[in-house]
Amino acid sequence: VGPTSAQAPVRLTPQRAAVLDVVRASRDHPTAREIFARVGTVRPGIGFATVYRALGLLAAHGLVRELNLGDGASVRYDGNTRPHQHVVCTDCGSFADVSVELPSTIADAVSTATGYAVKGYDVRFQGRCPNCGPAAAPPGR
Ligand SMILES: [Zn+2]
Ligand SMILES: [Zn+2]
């Protein structure tokens with residue numbers, strides 16, 4: 001399986017395979033620490049440094065996707081390597097995939113506005129997740 005890539009395939013040691021399995025099985029875009037805790041349940045004794053290095057390697061080979069939120073938050077990892085967008089909860093920080101098709105004119109509009117030959121985009125929507133409830137009702141009753 002694995003993506004078509006010009007790079008040499010990564011050698012999947014049992015530890016790396018365990019890390020990859022955990023990321024692919026996780027829908028919540030876990031951080032390295034969270035992945036470390038989950039891998040520990042299947043491979044007790046694995047070190048954090050090993051997990052961290054494996055994540056870097058898997059990301060470099062396109063087997064997992066690194067999501068850098070760029071606001072000082074920990075990098076998250078995504079086992080879904082197909083193009084998709086994300087929505088993040090402004091209250092609890094939960095992070096979900098968005099499979100809604102965005103208008104293809106977005107890239108064209110950005111190209112026109114900036115002169116860049118836009119090849120893709122990574123959109124992050126923000127709002128309250130269902131667990132945190134709808135936004136507070138506007139004041140005034
Ligand atoms: Zn939430
Ligand atoms: Zn995702």
# chains A, B, ... in the order shown; residues from 1 in each chain; ligands from 1

$ select_by_dssp --residues "segment 47-87 of chain A" --states "alpha helix (DSSP H)" --output "number ranges by chain"
A: 48-60

$ closest_atom_pairs --of "chain A" --to "ligand 1" --cutoff "8 Å" --atoms "only C-alpha atoms and all ligand atoms" --output "JSON lines"
{"residue": "A:Val88", "atom": "CA", "partner": "ligand 1", "partner_atom_place_in_ligand_line": "1 (Zn)", "distance": 8.0}
{"residue": "A:Cys89", "atom": "CA", "partner": "ligand 1", "partner_atom_place_in_ligand_line": "1 (Zn)", "distance": 4.7}
{"residue": "A:Thr90", "atom": "CA", "partner": "ligand 1", "partner_atom_place_in_ligand_line": "1 (Zn)", "distance": 6.6}
{"residue": "A:Asp91", "atom": "CA", "partner": "ligand 1", "partner_atom_place_in_ligand_line": "1 (Zn)", "distance": 5.0}
{"residue": "A:Cys92", "atom": "CA", "partner": "ligand 1", "partner_atom_place_in_ligand_line": "1 (Zn)", "distance": 4.0}
{"residue": "A:Gly93", "atom": "CA", "partner": "ligand 1", "partner_atom_place_in_ligand_line": "1 (Zn)", "distance": 6.0}
{"residue": "A:Ser94", "atom": "CA", "partner": "ligand 1", "partner_atom_place_in_ligand_line": "1 (Zn)", "distance": 5.6}
{"residue": "A:Arg128", "atom": "CA", "partner": "ligand 1", "partner_atom_place_in_ligand_line": "1 (Zn)", "distance": 5.4}
{"residue": "A:Cys129", "atom": "CA", "partner": "ligand 1", "partner_atom_place_in_ligand_line": "1 (Zn)", "distance": 4.2}
{"residue": "A:Pro130", "atom": "CA", "partner": "ligand 1", "partner_atom_place_in_ligand_line": "1 (Zn)", "distance": 6.7}
{"residue": "A:Asn131", "atom": "CA", "partner": "ligand 1", "partner_atom_place_in_ligand_line": "1 (Zn)", "distance": 5.5}
{"residue": "A:Cys132", "atom": "CA", "partner": "ligand 1", "partner_atom_place_in_ligand_line": "1 (Zn)", "distance": 4.4}
{"residue": "A:Gly133", "atom": "CA", "partner": "ligand 1", "partner_atom_place_in_ligand_line": "1 (Zn)", "distance": 7.6}

$ residues_near_ligand --ligand "ligand 2" --cutoff "9 Å" --atoms "only C-alpha atoms and all ligand atoms" --output "ChimeraX atom specification"
/A:27-29,65,67,77-87,95-98

$ select_by_dssp --residues "chain A" --states "strand (DSSP E)" --output "ChimeraX atom specification"
/A:65-67,76-78,85-89,95-98,124-127

$ write_last_selection --atoms "C-alpha atoms" --output "PDB file, in the first residue's frame"
ATOM      1  CA  ARG A  65       1.305  14.157   7.783  1.00  0.00           C
ATOM      2  CA  GLU A  66       2.747  16.659  10.234  1.00  0.00           C
ATOM      3  CA  LEU A  67       0.348  19.417  11.207  1.00  0.00           C
ATOM      4  CA  ARG A  76       0.096  16.917  15.561  1.00  0.00           C
ATOM      5  CA  TYR A  77       0.206  13.866  13.352  1.00  0.00           C
ATOM      6  CA  ASP A  78      -2.341  12.744  10.797  1.00  0.00           C
ATOM      7  CA  GLN A  85      -8.787  20.344   5.580  1.00  0.00           C
ATOM      8  CA  HIS A  86      -9.202  20.629   9.322  1.00  0.00           C
ATOM      9  CA  VAL A  87     -11.475  22.234  11.872  1.00  0.00           C
ATOM     10  CA  VAL A  88     -10.195  23.029  15.353  1.00  0.00           C
ATOM     11  CA  CYS A  89     -12.263  23.694  18.473  1.00  0.00           C
ATOM     12  CA  PHE A  95      -9.030  18.673  15.818  1.00  0.00           C
ATOM     13  CA  ALA A  96     -11.156  17.016  13.142  1.00  0.00           C
ATOM     14  CA  ASP A  97     -10.938  16.294   9.428  1.00  0.00           C
ATOM     15  CA  VAL A  98     -13.053  18.290   7.004  1.00  0.00           C
ATOM     16  CA  ARG A 124      -7.991  25.409   9.126  1.00  0.00           C
ATOM     17  CA  PHE A 125     -11.493  26.302  10.229  1.00  0.00           C
ATOM     18  CA  GLN A 126     -12.139  27.345  13.806  1.00  0.00           C
ATOM     19  CA  GLY A 127     -15.185  27.084  16.023  1.00  0.00           C
TER      20      GLY A 127
END

$ atom_distance --atom1 "atom CA of Pro30 of chain A" --atom2 "atom CA of Leu69 of chain A"
12.5 Å

$ residues_around --residues "Arg43 of chain A" --least-positions-apart "5" --cutoff "10 Å" --atoms "only C-alpha atoms" --output "MDAnalysis selection string"
chainID A and resid 14:15 18:19 36:38

$ residues_around --residues "Gly40 of chain A" --least-positions-apart "6" --cutoff "10 Å" --atoms "only C-alpha atoms" --output "compact mmCIF listing (two decimals) with C-alpha atoms, in the first residue's frame"
# COMPACT_ATOMS: atom_id res chain seq x y z
CA ALA A 18 3.67 0.17 15.56
CA VAL A 19 3.97 3.97 15.45
CA GLU A 34 -0.14 11.07 22.86
CA ILE A 46 9.49 1.76 23.65
CA GLY A 47 11.20 5.10 24.32
CA PHE A 48 9.83 8.52 23.50
CA VAL A 51 8.70 7.21 18.73

$ atom_distance --atom1 "atom CA of Asp21 of chain A" --atom2 "atom CA of Ala60 of chain A"
16.5 Å

$ decode --residues "segment 33-78 of chain A" --atoms "N, CA and C atoms" --output "compact mmCIF listing (two decimals), in the first residue's frame"
# COMPACT_ATOMS: atom_id res chain seq x y z
N ARG A 33 3.48 13.08 22.08
CA ARG A 33 3.31 12.55 23.44
C ARG A 33 2.14 11.58 23.51
N GLU A 34 1.04 11.95 22.86
CA GLU A 34 -0.14 11.07 22.86
C GLU A 34 0.14 9.79 22.11
N ILE A 35 0.85 9.91 20.98
CA ILE A 35 1.20 8.72 20.21
C ILE A 35 2.12 7.82 21.03
N PHE A 36 3.06 8.44 21.71
CA PHE A 36 3.97 7.69 22.58
C PHE A 36 3.19 6.88 23.62
N ALA A 37 2.19 7.50 24.24
CA ALA A 37 1.39 6.79 25.25
C ALA A 37 0.63 5.62 24.63
N ARG A 38 0.11 5.82 23.42
CA ARG A 38 -0.68 4.76 22.78
C ARG A 38 0.21 3.63 22.29
N VAL A 39 1.37 3.97 21.74
CA VAL A 39 2.29 2.93 21.27
C VAL A 39 2.74 2.08 22.47
N GLY A 40 2.89 2.75 23.63
CA GLY A 40 3.34 2.04 24.82
C GLY A 40 2.40 0.93 25.25
N THR A 41 1.11 1.03 24.87
CA THR A 41 0.18 -0.02 25.24
C THR A 41 0.36 -1.25 24.37
N VAL A 42 0.87 -1.09 23.15
CA VAL A 42 1.10 -2.26 22.29
C VAL A 42 2.56 -2.72 22.34
N ARG A 43 3.45 -1.79 22.54
CA ARG A 43 4.87 -2.12 22.63
C ARG A 43 5.46 -1.49 23.89
N PRO A 44 5.18 -2.11 25.02
CA PRO A 44 5.69 -1.54 26.29
C PRO A 44 7.21 -1.43 26.25
N GLY A 45 7.73 -0.36 26.79
CA GLY A 45 9.18 -0.22 26.87
C GLY A 45 9.76 0.60 25.75
N ILE A 46 8.97 0.93 24.74
CA ILE A 46 9.49 1.76 23.65
C ILE A 46 9.74 3.16 24.21
N GLY A 47 10.84 3.79 23.78
CA GLY A 47 11.20 5.10 24.32
C GLY A 47 10.57 6.23 23.53
N PHE A 48 10.42 7.37 24.19
CA PHE A 48 9.83 8.52 23.50
C PHE A 48 10.70 8.95 22.32
N ALA A 49 12.03 8.92 22.51
CA ALA A 49 12.93 9.35 21.43
C ALA A 49 12.75 8.47 20.20
N THR A 50 12.53 7.17 20.42
CA THR A 50 12.32 6.24 19.31
C THR A 50 11.03 6.58 18.56
N VAL A 51 9.98 6.85 19.34
CA VAL A 51 8.70 7.21 18.73
C VAL A 51 8.84 8.51 17.95
N TYR A 52 9.53 9.48 18.56
CA TYR A 52 9.67 10.79 17.94
C TYR A 52 10.45 10.68 16.63
N ARG A 53 11.55 9.92 16.66
CA ARG A 53 12.34 9.74 15.44
C ARG A 53 11.53 9.02 14.37
N ALA A 54 10.77 8.02 14.77
CA ALA A 54 9.95 7.27 13.82
C ALA A 54 8.94 8.20 13.16
N LEU A 55 8.34 9.11 13.94
CA LEU A 55 7.36 10.04 13.39
C LEU A 55 8.00 10.94 12.34
N GLY A 56 9.20 11.43 12.63
CA GLY A 56 9.90 12.28 11.68
C GLY A 56 10.20 11.55 10.38
N LEU A 57 10.60 10.31 10.52
CA LEU A 57 10.92 9.50 9.34
C LEU A 57 9.66 9.21 8.52
N LEU A 58 8.60 8.82 9.21
CA LEU A 58 7.34 8.50 8.51
C LEU A 58 6.80 9.74 7.81
N ALA A 59 6.94 10.90 8.46
CA ALA A 59 6.47 12.14 7.85
C ALA A 59 7.31 12.48 6.62
N ALA A 60 8.63 12.29 6.73
CA ALA A 60 9.52 12.60 5.61
C ALA A 60 9.20 11.73 4.40
N HIS A 61 8.67 10.54 4.65
CA HIS A 61 8.33 9.63 3.56
C HIS A 61 6.86 9.73 3.15
N GLY A 62 6.16 10.68 3.75
CA GLY A 62 4.78 10.91 3.35
C GLY A 62 3.80 9.88 3.86
N LEU A 63 4.21 9.07 4.84
CA LEU A 63 3.29 8.06 5.36
C LEU A 63 2.36 8.64 6.43
N VAL A 64 2.82 9.69 7.08
CA VAL A 64 1.95 10.44 7.97
C VAL A 64 2.15 11.92 7.64
N ARG A 65 1.22 12.73 8.08
CA ARG A 65 1.30 14.16 7.78
C ARG A 65 1.53 14.90 9.10
N GLU A 66 2.49 15.82 9.07
CA GLU A 66 2.75 16.66 10.23
C GLU A 66 1.88 17.90 10.13
N LEU A 67 1.19 18.21 11.20
CA LEU A 67 0.35 19.42 11.21
C LEU A 67 0.93 20.38 12.21
N ASN A 68 1.54 21.43 11.67
CA ASN A 68 2.15 22.43 12.55
C ASN A 68 1.18 23.58 12.71
N LEU A 69 0.67 23.74 13.91
CA LEU A 69 -0.34 24.78 14.13
C LEU A 69 0.28 26.15 14.22
N GLY A 70 1.59 26.21 14.38
CA GLY A 70 2.29 27.48 14.27
C GLY A 70 2.00 28.48 15.36
N ASP A 71 1.30 28.07 16.43
CA ASP A 71 0.99 29.02 17.50
C ASP A 71 1.59 28.54 18.82
N GLY A 72 2.71 27.85 18.72
CA GLY A 72 3.36 27.34 19.92
C GLY A 72 2.79 26.02 20.38
N ALA A 73 1.73 25.57 19.72
CA ALA A 73 1.14 24.28 20.09
C ALA A 73 2.02 23.15 19.57
N SER A 74 1.87 21.98 20.16
CA SER A 74 2.63 20.83 19.72
C SER A 74 2.23 20.44 18.30
N VAL A 75 3.20 19.91 17.56
CA VAL A 75 2.91 19.37 16.25
C VAL A 75 1.99 18.17 16.42
N ARG A 76 0.99 18.07 15.54
CA ARG A 76 0.10 16.92 15.56
C ARG A 76 0.36 16.05 14.34
N TYR A 77 -0.05 14.81 14.44
CA TYR A 77 0.21 13.87 13.35
C TYR A 77 -1.10 13.31 12.83
N ASP A 78 -1.13 13.13 11.50
CA ASP A 78 -2.34 12.74 10.80
C ASP A 78 -2.03 11.52 9.95
